[in-house]
$ cat run_7.cif   # mmCIF, N, CA and C atoms; chains and numbers go by the auth columns
data_upload
loop_
_atom_site.group_PDB
_atom_site.id
_atom_site.type_symbol
_atom_site.label_atom_id
_atom_site.label_comp_id
_atom_site.label_asym_id
_atom_site.label_seq_id
_atom_site.Cartn_x
_atom_site.Cartn_y
_atom_site.Cartn_z
_atom_site.B_iso_or_equiv
_atom_site.auth_seq_id
_atom_site.auth_asym_id
ATOM 1 N N MET A 1 -79.702 63.864 -60.876 0.00 1 A
ATOM 2 C CA MET A 1 -78.520 63.487 -60.131 0.00 1 A
ATOM 3 C C MET A 1 -78.892 63.329 -58.657 0.00 1 A
ATOM 4 N N ASN A 2 -78.479 62.239 -58.055 0.00 2 A
ATOM 5 C CA ASN A 2 -78.737 61.969 -56.649 0.00 2 A
ATOM 6 C C ASN A 2 -77.927 62.936 -55.795 0.00 2 A
ATOM 7 N N ASN A 3 -78.503 63.439 -54.719 0.00 3 A
ATOM 8 C CA ASN A 3 -77.823 64.384 -53.850 0.00 3 A
ATOM 9 C C ASN A 3 -76.820 63.729 -52.919 0.00 3 A
ATOM 10 N N SER A 4 -76.929 62.439 -52.699 0.00 4 A
ATOM 11 C CA SER A 4 -76.082 61.746 -51.747 0.00 4 A
ATOM 12 C C SER A 4 -74.703 61.439 -52.337 0.00 4 A
ATOM 13 N N LEU A 5 -73.662 61.691 -51.552 0.00 5 A
ATOM 14 C CA LEU A 5 -72.322 61.307 -51.988 0.00 5 A
ATOM 15 C C LEU A 5 -72.170 59.802 -51.999 0.00 5 A
ATOM 16 N N PHE A 6 -72.935 59.112 -51.175 0.00 6 A
ATOM 17 C CA PHE A 6 -72.824 57.667 -51.066 0.00 6 A
ATOM 18 C C PHE A 6 -73.287 56.957 -52.329 0.00 6 A
ATOM 19 N N ALA A 7 -74.245 57.536 -53.023 0.00 7 A
ATOM 20 C CA ALA A 7 -74.785 56.917 -54.225 0.00 7 A
ATOM 21 C C ALA A 7 -74.179 57.492 -55.500 0.00 7 A
ATOM 22 N N ALA A 8 -73.295 58.468 -55.352 0.00 8 A
ATOM 23 C CA ALA A 8 -72.727 59.153 -56.514 0.00 8 A
ATOM 24 C C ALA A 8 -71.606 58.333 -57.148 0.00 8 A
ATOM 25 N N SER A 9 -71.490 58.449 -58.448 0.00 9 A
ATOM 26 C CA SER A 9 -70.357 57.830 -59.131 0.00 9 A
ATOM 27 C C SER A 9 -69.126 58.688 -58.881 0.00 9 A
ATOM 28 N N ALA A 10 -67.951 58.126 -59.112 0.00 10 A
ATOM 29 C CA ALA A 10 -66.704 58.863 -58.890 0.00 10 A
ATOM 30 C C ALA A 10 -66.668 60.149 -59.714 0.00 10 A
ATOM 31 N N ALA A 11 -67.218 60.115 -60.911 0.00 11 A
ATOM 32 C CA ALA A 11 -67.225 61.295 -61.778 0.00 11 A
ATOM 33 C C ALA A 11 -68.106 62.411 -61.222 0.00 11 A
ATOM 34 N N ASP A 12 -69.081 62.056 -60.383 0.00 12 A
ATOM 35 C CA ASP A 12 -69.993 63.047 -59.812 0.00 12 A
ATOM 36 C C ASP A 12 -69.522 63.610 -58.473 0.00 12 A
ATOM 37 N N LEU A 13 -68.393 63.143 -57.952 0.00 13 A
ATOM 38 C CA LEU A 13 -67.876 63.642 -56.675 0.00 13 A
ATOM 39 C C LEU A 13 -67.068 64.915 -56.926 0.00 13 A
ATOM 40 N N THR A 14 -67.763 66.012 -56.959 0.00 14 A
ATOM 41 C CA THR A 14 -67.111 67.290 -57.209 0.00 14 A
ATOM 42 C C THR A 14 -66.840 68.004 -55.889 0.00 14 A
ATOM 43 N N ILE A 15 -65.914 68.942 -55.912 0.00 15 A
ATOM 44 C CA ILE A 15 -65.610 69.721 -54.712 0.00 15 A
ATOM 45 C C ILE A 15 -66.838 70.502 -54.249 0.00 15 A
ATOM 46 N N GLU A 16 -67.670 70.931 -55.183 0.00 16 A
ATOM 47 C CA GLU A 16 -68.886 71.665 -54.822 0.00 16 A
ATOM 48 C C GLU A 16 -69.838 70.781 -54.023 0.00 16 A
ATOM 49 N N ARG A 17 -69.996 69.525 -54.443 0.00 17 A
ATOM 50 C CA ARG A 17 -70.889 68.604 -53.725 0.00 17 A
ATOM 51 C C ARG A 17 -70.335 68.267 -52.351 0.00 17 A
ATOM 52 N N ILE A 18 -69.026 68.111 -52.250 0.00 18 A
ATOM 53 C CA ILE A 18 -68.409 67.810 -50.958 0.00 18 A
ATOM 54 C C ILE A 18 -68.541 69.015 -50.029 0.00 18 A
ATOM 55 N N ARG A 19 -68.306 70.222 -50.534 0.00 19 A
ATOM 56 C CA ARG A 19 -68.473 71.437 -49.727 0.00 19 A
ATOM 57 C C ARG A 19 -69.923 71.592 -49.268 0.00 19 A
ATOM 58 N N ALA A 20 -70.864 71.294 -50.148 0.00 20 A
ATOM 59 C CA ALA A 20 -72.283 71.406 -49.794 0.00 20 A
ATOM 60 C C ALA A 20 -72.628 70.454 -48.655 0.00 20 A
ATOM 61 N N LEU A 21 -72.120 69.232 -48.697 0.00 21 A
ATOM 62 C CA LEU A 21 -72.379 68.272 -47.628 0.00 21 A
ATOM 63 C C LEU A 21 -71.730 68.744 -46.328 0.00 21 A
ATOM 64 N N ALA A 22 -70.473 69.151 -46.401 0.00 22 A
ATOM 65 C CA ALA A 22 -69.738 69.549 -45.199 0.00 22 A
ATOM 66 C C ALA A 22 -70.305 70.809 -44.562 0.00 22 A
ATOM 67 N N SER A 23 -70.908 71.673 -45.343 0.00 23 A
ATOM 68 C CA SER A 23 -71.443 72.918 -44.794 0.00 23 A
ATOM 69 C C SER A 23 -72.790 72.716 -44.097 0.00 23 A
ATOM 70 N N ARG A 24 -73.399 71.571 -44.295 0.00 24 A
ATOM 71 C CA ARG A 24 -74.687 71.283 -43.635 0.00 24 A
ATOM 72 C C ARG A 24 -74.413 70.918 -42.174 0.00 24 A
ATOM 73 N N LEU A 25 -74.844 71.762 -41.263 0.00 25 A
ATOM 74 C CA LEU A 25 -74.588 71.519 -39.840 0.00 25 A
ATOM 75 C C LEU A 25 -75.373 70.338 -39.299 0.00 25 A
ATOM 76 N N ASP A 26 -76.432 69.926 -40.009 0.00 26 A
ATOM 77 C CA ASP A 26 -77.202 68.761 -39.570 0.00 26 A
ATOM 78 C C ASP A 26 -76.582 67.452 -40.044 0.00 26 A
ATOM 79 N N GLN A 27 -75.554 67.519 -40.865 0.00 27 A
ATOM 80 C CA GLN A 27 -74.892 66.316 -41.397 0.00 27 A
ATOM 81 C C GLN A 27 -73.727 65.967 -40.476 0.00 27 A
ATOM 82 N N VAL A 28 -74.019 65.177 -39.455 0.00 28 A
ATOM 83 C CA VAL A 28 -73.002 64.818 -38.465 0.00 28 A
ATOM 84 C C VAL A 28 -72.432 63.437 -38.778 0.00 28 A
ATOM 85 N N GLU A 29 -71.370 63.078 -38.095 0.00 29 A
ATOM 86 C CA GLU A 29 -70.742 61.782 -38.326 0.00 29 A
ATOM 87 C C GLU A 29 -71.708 60.646 -37.988 0.00 29 A
ATOM 88 N N SER A 30 -71.504 59.534 -38.692 0.00 30 A
ATOM 89 C CA SER A 30 -72.350 58.362 -38.487 0.00 30 A
ATOM 90 C C SER A 30 -71.520 57.120 -38.765 0.00 30 A
ATOM 91 N N LEU A 31 -72.157 55.977 -38.864 0.00 31 A
ATOM 92 C CA LEU A 31 -71.442 54.738 -39.187 0.00 31 A
ATOM 93 C C LEU A 31 -70.779 54.793 -40.555 0.00 31 A
ATOM 94 N N THR A 32 -71.337 55.592 -41.447 0.00 32 A
ATOM 95 C CA THR A 32 -70.828 55.630 -42.820 0.00 32 A
ATOM 96 C C THR A 32 -70.281 56.989 -43.242 0.00 32 A
ATOM 97 N N LEU A 33 -70.155 57.922 -42.304 0.00 33 A
ATOM 98 C CA LEU A 33 -69.613 59.244 -42.615 0.00 33 A
ATOM 99 C C LEU A 33 -68.691 59.674 -41.487 0.00 33 A
ATOM 100 N N GLU A 34 -67.480 60.008 -41.844 0.00 34 A
ATOM 101 C CA GLU A 34 -66.474 60.412 -40.859 0.00 34 A
ATOM 102 C C GLU A 34 -65.783 61.683 -41.350 0.00 34 A
ATOM 103 N N TYR A 35 -65.604 62.634 -40.449 0.00 35 A
ATOM 104 C CA TYR A 35 -64.877 63.857 -40.748 0.00 35 A
ATOM 105 C C TYR A 35 -63.540 63.818 -40.013 0.00 35 A
ATOM 106 N N LYS A 36 -62.476 64.200 -40.687 0.00 36 A
ATOM 107 C CA LYS A 36 -61.157 64.327 -40.083 0.00 36 A
ATOM 108 C C LYS A 36 -60.627 65.701 -40.457 0.00 36 A
ATOM 109 N N SER A 37 -60.199 66.480 -39.465 0.00 37 A
ATOM 110 C CA SER A 37 -59.705 67.819 -39.764 0.00 37 A
ATOM 111 C C SER A 37 -58.318 67.790 -40.387 0.00 37 A
ATOM 112 N N GLU A 38 -57.578 66.712 -40.157 0.00 38 A
ATOM 113 C CA GLU A 38 -56.239 66.587 -40.732 0.00 38 A
ATOM 114 C C GLU A 38 -55.877 65.116 -40.854 0.00 38 A
ATOM 115 N N TYR A 39 -54.842 64.858 -41.633 0.00 39 A
ATOM 116 C CA TYR A 39 -54.349 63.497 -41.749 0.00 39 A
ATOM 117 C C TYR A 39 -53.648 63.125 -40.452 0.00 39 A
ATOM 118 N N SER A 40 -53.904 61.922 -39.969 0.00 40 A
ATOM 119 C CA SER A 40 -53.208 61.406 -38.793 0.00 40 A
ATOM 120 C C SER A 40 -53.120 59.896 -38.935 0.00 40 A
ATOM 121 N N SER A 41 -52.335 59.270 -38.078 0.00 41 A
ATOM 122 C CA SER A 41 -52.203 57.812 -38.135 0.00 41 A
ATOM 123 C C SER A 41 -53.533 57.126 -37.809 0.00 41 A
ATOM 124 N N GLY A 42 -54.400 57.806 -37.077 0.00 42 A
ATOM 125 C CA GLY A 42 -55.712 57.254 -36.765 0.00 42 A
ATOM 126 C C GLY A 42 -56.606 57.099 -37.986 0.00 42 A
ATOM 127 N N LEU A 43 -56.280 57.801 -39.048 0.00 43 A
ATOM 128 C CA LEU A 43 -57.067 57.702 -40.272 0.00 43 A
ATOM 129 C C LEU A 43 -57.021 56.283 -40.839 0.00 43 A
ATOM 130 N N VAL A 44 -55.881 55.637 -40.714 0.00 44 A
ATOM 131 C CA VAL A 44 -55.738 54.268 -41.215 0.00 44 A
ATOM 132 C C VAL A 44 -56.696 53.334 -40.469 0.00 44 A
ATOM 133 N N GLN A 45 -56.846 53.525 -39.170 0.00 45 A
ATOM 134 C CA GLN A 45 -57.772 52.700 -38.381 0.00 45 A
ATOM 135 C C GLN A 45 -59.217 52.956 -38.818 0.00 45 A
ATOM 136 N N THR A 46 -59.542 54.199 -39.114 0.00 46 A
ATOM 137 C CA THR A 46 -60.886 54.532 -39.574 0.00 46 A
ATOM 138 C C THR A 46 -61.175 53.871 -40.917 0.00 46 A
ATOM 139 N N ILE A 47 -60.210 53.905 -41.808 0.00 47 A
ATOM 140 C CA ILE A 47 -60.372 53.262 -43.119 0.00 47 A
ATOM 141 C C ILE A 47 -60.610 51.765 -42.939 0.00 47 A
ATOM 142 N N ALA A 48 -59.812 51.126 -42.097 0.00 48 A
ATOM 143 C CA ALA A 48 -59.964 49.684 -41.856 0.00 48 A
ATOM 144 C C ALA A 48 -61.319 49.369 -41.236 0.00 48 A
ATOM 145 N N ALA A 49 -61.735 50.181 -40.282 0.00 49 A
ATOM 146 C CA ALA A 49 -63.029 49.946 -39.629 0.00 49 A
ATOM 147 C C ALA A 49 -64.178 50.058 -40.619 0.00 49 A
ATOM 148 N N MET A 50 -64.149 51.069 -41.467 0.00 50 A
ATOM 149 C CA MET A 50 -65.218 51.231 -42.455 0.00 50 A
ATOM 150 C C MET A 50 -65.173 50.114 -43.495 0.00 50 A
ATOM 151 N N ALA A 51 -63.971 49.714 -43.886 0.00 51 A
ATOM 152 C CA ALA A 51 -63.840 48.644 -44.880 0.00 51 A
ATOM 153 C C ALA A 51 -64.372 47.325 -44.345 0.00 51 A
ATOM 154 N N ASN A 52 -64.292 47.132 -43.049 0.00 52 A
ATOM 155 C CA ASN A 52 -64.732 45.876 -42.440 0.00 52 A
ATOM 156 C C ASN A 52 -66.171 45.914 -41.946 0.00 52 A
ATOM 157 N N THR A 53 -66.874 47.017 -42.179 0.00 53 A
ATOM 158 C CA THR A 53 -68.272 47.103 -41.759 0.00 53 A
ATOM 159 C C THR A 53 -69.144 47.483 -42.943 0.00 53 A
ATOM 160 N N TYR A 54 -69.684 48.687 -42.935 0.00 54 A
ATOM 161 C CA TYR A 54 -70.648 49.098 -43.950 0.00 54 A
ATOM 162 C C TYR A 54 -70.049 49.945 -45.064 0.00 54 A
ATOM 163 N N GLY A 55 -68.755 50.215 -45.000 0.00 55 A
ATOM 164 C CA GLY A 55 -68.163 51.139 -45.960 0.00 55 A
ATOM 165 C C GLY A 55 -68.519 52.549 -45.571 0.00 55 A
ATOM 166 N N GLY A 56 -68.250 53.497 -46.433 0.00 56 A
ATOM 167 C CA GLY A 56 -68.615 54.865 -46.120 0.00 56 A
ATOM 168 C C GLY A 56 -67.715 55.875 -46.779 0.00 56 A
ATOM 169 N N VAL A 57 -67.829 57.098 -46.293 0.00 57 A
ATOM 170 C CA VAL A 57 -67.089 58.227 -46.835 0.00 57 A
ATOM 171 C C VAL A 57 -66.317 58.883 -45.695 0.00 57 A
ATOM 172 N N ILE A 58 -65.029 59.118 -45.923 0.00 58 A
ATOM 173 C CA ILE A 58 -64.190 59.840 -44.971 0.00 58 A
ATOM 174 C C ILE A 58 -63.763 61.134 -45.651 0.00 58 A
ATOM 175 N N LEU A 59 -64.095 62.252 -45.052 0.00 59 A
ATOM 176 C CA LEU A 59 -63.743 63.552 -45.608 0.00 59 A
ATOM 177 C C LEU A 59 -62.650 64.173 -44.748 0.00 59 A
ATOM 178 N N VAL A 60 -61.454 64.287 -45.311 0.00 60 A
ATOM 179 C CA VAL A 60 -60.317 64.877 -44.608 0.00 60 A
ATOM 180 C C VAL A 60 -60.276 66.364 -44.932 0.00 60 A
ATOM 181 N N GLY A 61 -60.074 67.175 -43.896 0.00 61 A
ATOM 182 C CA GLY A 61 -60.086 68.628 -44.060 0.00 61 A
ATOM 183 C C GLY A 61 -61.397 69.233 -43.596 0.00 61 A
ATOM 184 N N ILE A 62 -62.207 68.418 -42.922 0.00 62 A
ATOM 185 C CA ILE A 62 -63.499 68.869 -42.405 0.00 62 A
ATOM 186 C C ILE A 62 -63.497 68.687 -40.896 0.00 62 A
ATOM 187 N N ASN A 63 -63.796 69.742 -40.170 0.00 63 A
ATOM 188 C CA ASN A 63 -63.854 69.697 -38.715 0.00 63 A
ATOM 189 C C ASN A 63 -65.129 68.983 -38.291 0.00 63 A
ATOM 190 N N ASP A 64 -65.026 68.051 -37.349 0.00 64 A
ATOM 191 C CA ASP A 64 -66.214 67.317 -36.914 0.00 64 A
ATOM 192 C C ASP A 64 -67.028 68.075 -35.868 0.00 64 A
ATOM 193 N N LYS A 65 -66.504 69.166 -35.353 0.00 65 A
ATOM 194 C CA LYS A 65 -67.234 69.955 -34.361 0.00 65 A
ATOM 195 C C LYS A 65 -68.253 70.853 -35.058 0.00 65 A
ATOM 196 N N VAL A 66 -69.468 70.847 -34.521 0.00 66 A
ATOM 197 C CA VAL A 66 -70.534 71.688 -35.055 0.00 66 A
ATOM 198 C C VAL A 66 -70.903 72.678 -33.959 0.00 66 A
ATOM 199 N N GLU A 67 -70.164 73.774 -33.914 0.00 67 A
ATOM 200 C CA GLU A 67 -70.391 74.800 -32.899 0.00 67 A
ATOM 201 C C GLU A 67 -70.293 76.174 -33.547 0.00 67 A
ATOM 202 N N PRO A 68 -71.060 77.129 -33.047 0.00 68 A
ATOM 203 C CA PRO A 68 -70.955 78.490 -33.592 0.00 68 A
ATOM 204 C C PRO A 68 -69.525 79.016 -33.446 0.00 68 A
ATOM 205 N N GLY A 69 -69.035 79.642 -34.487 0.00 69 A
ATOM 206 C CA GLY A 69 -67.704 80.229 -34.450 0.00 69 A
ATOM 207 C C GLY A 69 -66.581 79.285 -34.835 0.00 69 A
ATOM 208 N N ILE A 70 -66.875 78.007 -35.018 0.00 70 A
ATOM 209 C CA ILE A 70 -65.852 77.043 -35.420 0.00 70 A
ATOM 210 C C ILE A 70 -66.050 76.732 -36.902 0.00 70 A
ATOM 211 N N GLU A 71 -65.003 76.974 -37.685 0.00 71 A
ATOM 212 C CA GLU A 71 -65.064 76.737 -39.130 0.00 71 A
ATOM 213 C C GLU A 71 -65.156 75.233 -39.389 0.00 71 A
ATOM 214 N N ARG A 72 -66.108 74.809 -40.191 0.00 72 A
ATOM 215 C CA ARG A 72 -66.312 73.385 -40.483 0.00 72 A
ATOM 216 C C ARG A 72 -65.333 72.894 -41.545 0.00 72 A
ATOM 217 N N ILE A 73 -65.147 73.667 -42.620 0.00 73 A
ATOM 218 C CA ILE A 73 -64.251 73.270 -43.701 0.00 73 A
ATOM 219 C C ILE A 73 -62.910 73.934 -43.450 0.00 73 A
ATOM 220 N N VAL A 74 -61.901 73.113 -43.054 0.00 74 A
ATOM 221 C CA VAL A 74 -60.594 73.658 -42.727 0.00 74 A
ATOM 222 C C VAL A 74 -59.553 73.363 -43.794 0.00 74 A
ATOM 223 N N GLY A 75 -59.794 72.387 -44.638 0.00 75 A
ATOM 224 C CA GLY A 75 -58.866 72.038 -45.696 0.00 75 A
ATOM 225 C C GLY A 75 -57.606 71.368 -45.182 0.00 75 A
ATOM 226 N N VAL A 76 -56.775 70.922 -46.090 0.00 76 A
ATOM 227 C CA VAL A 76 -55.489 70.316 -45.746 0.00 76 A
ATOM 228 C C VAL A 76 -54.461 70.775 -46.757 0.00 76 A
ATOM 229 N N HIS A 77 -53.212 70.745 -46.367 0.00 77 A
ATOM 230 C CA HIS A 77 -52.117 71.006 -47.306 0.00 77 A
ATOM 231 C C HIS A 77 -51.881 69.692 -48.033 0.00 77 A
ATOM 232 N N ALA A 78 -52.271 69.627 -49.279 0.00 78 A
ATOM 233 C CA ALA A 78 -52.303 68.372 -50.023 0.00 78 A
ATOM 234 C C ALA A 78 -50.939 67.717 -50.204 0.00 78 A
ATOM 235 N N GLN A 79 -49.914 68.456 -50.563 0.00 79 A
ATOM 236 C CA GLN A 79 -48.639 67.822 -50.866 0.00 79 A
ATOM 237 C C GLN A 79 -48.022 67.119 -49.664 0.00 79 A
ATOM 238 N N PRO A 80 -47.932 67.748 -48.495 0.00 80 A
ATOM 239 C CA PRO A 80 -47.386 67.018 -47.344 0.00 80 A
ATOM 240 C C PRO A 80 -48.220 65.792 -46.983 0.00 80 A
ATOM 241 N N THR A 81 -49.533 65.914 -47.151 0.00 81 A
ATOM 242 C CA THR A 81 -50.402 64.773 -46.851 0.00 81 A
ATOM 243 C C THR A 81 -50.144 63.639 -47.834 0.00 81 A
ATOM 244 N N ILE A 82 -49.994 63.956 -49.103 0.00 82 A
ATOM 245 C CA ILE A 82 -49.721 62.934 -50.115 0.00 82 A
ATOM 246 C C ILE A 82 -48.362 62.284 -49.870 0.00 82 A
ATOM 247 N N ASP A 83 -47.348 63.104 -49.542 0.00 83 A
ATOM 248 C CA ASP A 83 -46.003 62.580 -49.271 0.00 83 A
ATOM 249 C C ASP A 83 -46.011 61.670 -48.072 0.00 83 A
#

$ encode --input "run_7.cif" --output "structure tokens"
Amino acid sequence: MNNSLFAASAADLTIERIRALASRLDQVESLTLEYKSEYSSGLVQTIAAMANTYGGVILVGINDKVEPGIERIVGVHAQPTID
């Protein structure tokens, strides 16, 4: 199984693999990887930008700051976000 989320099939995108990627402090945002700590209207712009360039993965519920003492995986309240 490939370690990259980018090459993984939808069936292979497990919460464990996403947590493993997000917990890596060396895995910072790039052209094809974006972290959002919460849902916001800016997320739509990020989706459009990625769709119009190289594509990529957007992980919501992950803090983009990589600093000691700051939790990287913050999660989201799914139902309000879905609504």

$ closest_residue --input "run_7.cif" --among "A:Ala20, A:Ala51, A:Val60, A:Ile70" --to "Leu5 (chain A)" --atoms "only C-alpha atoms"
A:Ala20

$ select_by_dssp --input "run_7.cif" --residues "region 15-79 of chain A" --states "alpha helix (DSSP H)" --output "list in words"
Ile15, Glu16, Arg17, Ile18, Arg19, Ala20, Leu21, Ala22, Ser23, Gly42, Leu43, Val44, Gln45, Thr46, Ile47, Ala48, Ala49, Met50, Ala51, Ala78 and Gln79 of chain A

$ residues_around --input "run_7.cif" --residues "Leu25 (chain A)" --least-positions-apart "6" --cutoff "8 Å" --atoms "only N, CA and C atoms" --output "ChimeraX atom specification"
/A:65-67

$ residues_around --input "run_7.cif" --residues "Glu38 (chain A)" --least-positions-apart "5" --cutoff "7 Å" --atoms "only N, CA and C atoms" --output "JSON, numbers by chain"
{"A": [60, 61, 62, 63, 75, 76]}

$ atom_distance --input "run_7.cif" --atom1 "CA of His77 (chain A)" --atom2 "atom C of Val57 (chain A)"
18.7 Å

$ closest_residue --input "run_7.cif" --among "A:Ile58, A:Ala11, A:Ala78, A:Ala49" --to "Glu34 (chain A)" --atoms "only N, CA and C atoms"
A:Ile58

$ residues_around --input "run_7.cif" --residues "Tyr54 (chain A)" --least-positions-apart "3" --cutoff "8 Å" --atoms "only C-alpha atoms" --output "mmCIF file with N, CA and C atoms, in the frame of the given file"
data_model
loop_
_atom_site.group_PDB
_atom_site.id
_atom_site.type_symbol
_atom_site.label_atom_id
_atom_site.label_comp_id
_atom_site.auth_asym_id
_atom_site.auth_seq_id
_atom_site.Cartn_x
_atom_site.Cartn_y
_atom_site.Cartn_z
ATOM 1 N N LEU A 31 -72.157 55.977 -38.864
ATOM 2 C CA LEU A 31 -71.442 54.738 -39.187
ATOM 3 C C LEU A 31 -70.779 54.793 -40.555
ATOM 4 N N THR A 32 -71.337 55.592 -41.447
ATOM 5 C CA THR A 32 -70.828 55.630 -42.820
ATOM 6 C C THR A 32 -70.281 56.989 -43.242
ATOM 7 N N MET A 50 -64.149 51.069 -41.467
ATOM 8 C CA MET A 50 -65.218 51.231 -42.455
ATOM 9 C C MET A 50 -65.173 50.114 -43.495
ATOM 10 N N ALA A 51 -63.971 49.714 -43.886
ATOM 11 C CA ALA A 51 -63.840 48.644 -44.880
ATOM 12 C C ALA A 51 -64.372 47.325 -44.345
#

$ select_by_dssp --input "run_7.cif" --residues "chain A" --states "strand (DSSP E or B)" --output "number ranges by chain"
A: 30, 33-36, 57-60, 62, 73

$ closest_residue --input "run_7.cif" --among "A:Gly55, A:Gln45, A:Asp12, A:Pro80" --to "Leu33 (chain A)" --atoms "all atoms listed in the file"
A:Gly55

$ atom_distance --input "run_7.cif" --atom1 "atom N of Val28 (chain A)" --atom2 "CA of Leu43 (chain A)"
18.5 Å

$ atom_distance --input "run_7.cif" --atom1 "CA of Leu59 (chain A)" --atom2 "CA of Tyr35 (chain A)"
5.0 Å

$ axis_aligned_box --input "run_7.cif" --around "region 33-40 of chain A" --padding-each-side "5 Å" --output "AutoDock Vina command-line options"
--center_x -61.6 --center_y 62.9 --center_z -40.7 --size_x 27.0 --size_y 19.9 --size_z 13.8

$ residues_around --input "run_7.cif" --residues "Thr14 (chain A)" --least-positions-apart "5" --cutoff "12 Å" --atoms "only C-alpha atoms" --output "short mmCIF file (atom, residue, chain, number, x, y, z; two decimals) with N, CA and C atoms, in the frame of the given file"
data_model
loop_
_atom_site.label_atom_id
_atom_site.label_comp_id
_atom_site.auth_asym_id
_atom_site.auth_seq_id
_atom_site.Cartn_x
_atom_site.Cartn_y
_atom_site.Cartn_z
N ASN A 3 -78.50 63.44 -54.72
CA ASN A 3 -77.82 64.38 -53.85
C ASN A 3 -76.82 63.73 -52.92
N SER A 4 -76.93 62.44 -52.70
CA SER A 4 -76.08 61.75 -51.75
C SER A 4 -74.70 61.44 -52.34
N LEU A 5 -73.66 61.69 -51.55
CA LEU A 5 -72.32 61.31 -51.99
C LEU A 5 -72.17 59.80 -52.00
N ALA A 8 -73.30 58.47 -55.35
CA ALA A 8 -72.73 59.15 -56.51
C ALA A 8 -71.61 58.33 -57.15
N SER A 9 -71.49 58.45 -58.45
CA SER A 9 -70.36 57.83 -59.13
C SER A 9 -69.13 58.69 -58.88
N ARG A 19 -68.31 70.22 -50.53
CA ARG A 19 -68.47 71.44 -49.73
C ARG A 19 -69.92 71.59 -49.27
N ALA A 20 -70.86 71.29 -50.15
CA ALA A 20 -72.28 71.41 -49.79
C ALA A 20 -72.63 70.45 -48.66
N LEU A 21 -72.12 69.23 -48.70
CA LEU A 21 -72.38 68.27 -47.63
C LEU A 21 -71.73 68.74 -46.33
#
